[in-house]
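File shown: final_8.pdb. Contents: PDB, C-alpha atoms.
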```
ATOM      1  CA  LYS A  22     -31.965  17.609 -45.647
ATOM      2  CA  ASP A  23     -31.301  20.755 -43.620
ATOM      3  CA  TYR A  24     -33.988  20.076 -40.992
ATOM      4  CA  PRO A  25     -32.398  16.829 -39.700
ATOM      5  CA  ASN A  26     -28.955  18.455 -39.745
ATOM      6  CA  PHE A  27     -30.277  21.477 -37.886
ATOM      7  CA  ASN A  28     -31.732  19.194 -35.196
ATOM      8  CA  ARG A  29     -28.452  17.288 -35.000
ATOM      9  CA  LEU A  30     -26.588  20.574 -34.648
ATOM     10  CA  GLN A  31     -28.877  21.704 -31.812
ATOM     11  CA  TYR A  32     -28.294  18.392 -30.064
ATOM     12  CA  PHE A  33     -24.538  18.771 -30.552
ATOM     13  CA  LYS A  34     -24.640  22.243 -28.950
ATOM     14  CA  GLU A  35     -26.754  21.049 -26.017
ATOM     15  CA  GLN A  36     -24.460  18.129 -25.353
ATOM     16  CA  ALA A  37     -21.339  20.284 -25.771
ATOM     17  CA  ALA A  38     -22.627  22.522 -22.978
ATOM     18  CA  LEU A  39     -23.554  19.588 -20.732
ATOM     19  CA  ARG A  40     -20.746  17.109 -21.420
ATOM     20  CA  LYS A  41     -17.558  19.112 -21.563
ATOM     21  CA  GLU A  42     -15.401  16.002 -21.222
ATOM     22  CA  LEU A  43     -16.321  14.842 -24.745
ATOM     23  CA  THR A  44     -14.397  15.792 -27.873
ATOM     24  CA  VAL A  45     -15.858  17.411 -30.972
ATOM     25  CA  LYS A  46     -15.572  14.084 -32.777
ATOM     26  CA  GLU A  47     -17.398  12.180 -30.028
ATOM     27  CA  LEU A  48     -20.155  14.790 -29.895
ATOM     28  CA  MET A  49     -20.409  14.851 -33.684
ATOM     29  CA  PHE A  50     -21.023  11.089 -33.931
ATOM     30  CA  MET A  51     -23.286  11.120 -30.871
ATOM     31  CA  SER A  52     -25.384  13.796 -32.588
ATOM     32  CA  GLY A  53     -25.914  11.662 -35.669
ATOM     33  CA  PHE A  54     -23.412  13.172 -38.096
ATOM     34  CA  THR A  55     -21.414  10.575 -40.003
ATOM     35  CA  SER A  56     -19.091  12.737 -42.111
ATOM     36  CA  ARG A  57     -16.562  14.976 -40.395
ATOM     37  CA  SER A  58     -16.139  17.260 -43.402
ATOM     38  CA  SER A  59     -19.900  17.674 -43.914
ATOM     39  CA  PHE A  60     -20.365  18.344 -40.208
ATOM     40  CA  TYR A  61     -17.647  21.002 -40.079
ATOM     41  CA  ARG A  62     -18.945  22.662 -43.234
ATOM     42  CA  TYR A  63     -22.555  22.681 -41.986
ATOM     43  CA  PHE A  64     -21.542  23.838 -38.508
ATOM     44  CA  ALA A  65     -19.521  26.756 -39.900
ATOM     45  CA  SER A  66     -22.344  27.773 -42.253
ATOM     46  CA  ILE A  67     -24.751  28.066 -39.312
ATOM     47  CA  GLU A  68     -22.542  29.176 -36.418
ATOM     48  CA  LYS A  69     -19.957  31.211 -38.391
ATOM     49  CA  MET A  70     -17.124  29.449 -36.539
ATOM     50  CA  SER A  71     -15.639  25.983 -36.324
ATOM     51  CA  PRO A  72     -16.876  23.431 -33.785
ATOM     52  CA  SER A  73     -13.544  23.725 -31.958
ATOM     53  CA  GLU A  74     -13.916  27.505 -31.699
ATOM     54  CA  TYR A  75     -17.458  27.003 -30.409
ATOM     55  CA  MET A  76     -16.235  24.598 -27.726
ATOM     56  CA  GLU A  77     -13.507  27.045 -26.705
ATOM     57  CA  ARG A  78     -16.069  29.845 -26.377
ATOM     58  CA  LEU A  79     -18.185  27.603 -24.161
ATOM     59  CA  GLN A  80     -15.160  27.046 -21.937
ATOM     60  CA  GLN A  81     -14.437  30.798 -21.837
ATOM     61  CA  GLU A  82     -18.043  31.535 -20.865
ATOM     62  CA  VAL A  83     -17.867  29.006 -18.041
ATOM     63  CA  ARG A  84     -14.543  30.422 -16.806
ATOM     64  CA  GLY A  85     -15.965  33.956 -17.014
ATOM     65  CA  PHE A  86     -19.062  32.932 -15.078
ATOM     66  CA  TYR A  87     -17.031  31.321 -12.284
ATOM     67  CA  HIS A  88     -14.739  34.342 -12.188
ATOM     68  CA  ARG A  89     -17.714  36.708 -11.790
ATOM     69  CA  VAL A  90     -19.282  34.504  -9.107
ATOM     70  CA  THR A  91     -15.986  34.314  -7.227
ATOM     71  CA  LEU A  92     -15.530  38.081  -7.380
ATOM     72  CA  SER A  93     -19.092  38.691  -6.202
ATOM     73  CA  PHE A  94     -18.675  36.228  -3.364
ATOM     74  CA  THR A  95     -15.345  37.801  -2.351
ATOM     75  CA  GLU A  96     -16.859  41.290  -2.418
ATOM     76  CA  PHE A  97     -19.767  40.068  -0.274
ATOM     77  CA  ASN A  98     -17.343  38.510   2.232
ATOM     78  CA  ILE A  99     -15.334  41.729   2.453
ATOM     79  CA  GLN A 100     -18.471  43.786   3.056
ATOM     80  CA  TYR A 101     -19.644  41.300   5.668
ATOM     81  CA  MET A 102     -16.281  41.272   7.451
ATOM     82  CA  LEU A 103     -16.181  45.060   7.460
ATOM     83  CA  SER A 104     -19.668  45.160   8.999
ATOM     84  CA  LEU A 105     -18.496  42.833  11.767
ATOM     85  CA  ILE A 106     -15.524  44.975  12.700
ATOM     86  CA  HIS A 107     -17.342  48.271  12.379
ATOM     87  CA  ILE A 108     -16.760  50.233  15.561
ATOM     88  CA  SER A 109     -19.357  52.759  16.480
ATOM     89  CA  GLU A 110     -18.150  56.056  17.851
ATOM     90  CA  PRO A 111     -19.008  56.963  21.484
TER      91      PRO A 111
END
```
Let's see the structure in the file written out as C-alpha cells.
Amino acid sequence: KDYPNFNRLQYFKEQAALRKELTVKELMFMSGFTSRSSFYRYFASIEKMSPSEYMERLQQEVRGFYHRVTLSFTEFNIQYMLSLIHISEP
C-alpha cells in the first residue's frame, strides 16, 4: 500500500513545483489520492509538514531564488556601469 502512495506523493510534489496555479486539493486528486484525510496524514508522515506548508515553502524558495538573481544582476550592472565611467588618471 505504501509504494503506490509514495509514487503518488512524488507526483504531487513534482506537479506542485511545476503547476503553481493549482490548489492542494486539485493536485491531490490529480496525483491519484481519493481521500483528503488519508492524503494529509500520509503527506505529514513523510514530509513532516502539511501539504499547505509544503506549497508555501515552494513559493518562498521561488521568491528567494528570484531575489538572489535580481540582486546578482543588479550588482553586475553596478560593476559594469562603474567600469564604463572609470576615469584613468593622466
Residues near stretch 46-49 of chain A, cut-off 10 Å, only C-alpha atoms, skip fewer than 5 positions along chain, as a PyMOL selection string: chain A and resi 29-30+32-37+40-41+54-57+60-61+72-73
With C-alpha atoms retained, write the just-selected residues as a tab-separated table (two decimals), in the frame of the given file.
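And here's again31.tsv as it stands now:
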```tsv
chain	number	residue	atom	x	y	z
A	29	ARG	CA	-28.45	17.29	-35.00
A	30	LEU	CA	-26.59	20.57	-34.65
A	32	TYR	CA	-28.29	18.39	-30.06
A	33	PHE	CA	-24.54	18.77	-30.55
A	34	LYS	CA	-24.64	22.24	-28.95
A	35	GLU	CA	-26.75	21.05	-26.02
A	36	GLN	CA	-24.46	18.13	-25.35
A	37	ALA	CA	-21.34	20.28	-25.77
A	40	ARG	CA	-20.75	17.11	-21.42
A	41	LYS	CA	-17.56	19.11	-21.56
A	54	PHE	CA	-23.41	13.17	-38.10
A	55	THR	CA	-21.41	10.58	-40.00
A	56	SER	CA	-19.09	12.74	-42.11
A	57	ARG	CA	-16.56	14.98	-40.40
A	60	PHE	CA	-20.36	18.34	-40.21
A	61	TYR	CA	-17.65	21.00	-40.08
A	72	PRO	CA	-16.88	23.43	-33.78
A	73	SER	CA	-13.54	23.72	-31.96
```
Given only C-alpha atoms as the counted atoms, nearest of A:Ser71, A:Gly53, A:Ile106, A:Ser59 to A:Pro25: A:Gly53
Box for stretch 35-41 of chain A: with edges along x, y and z, all listed atoms inside and 4 Å added on each side, what are the centre and edge lengths in Å to one decimal, as AutoDock Vina command-line options?
```
--center_x -22.2 --center_y 19.8 --center_z -23.4 --size_x 17.2 --size_y 13.4 --size_z 13.3
```
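Taking atom CA of A:Glu82 and atom CA of A:Asp23 as the two end points, the separation is 28.5 Å.
Proximity to A:Val45 was assessed for A:Ile67, A:Met76, A:Asn28, A:Arg62 counting all atoms listed in the file; the smallest distance is recorded for A:Met76.
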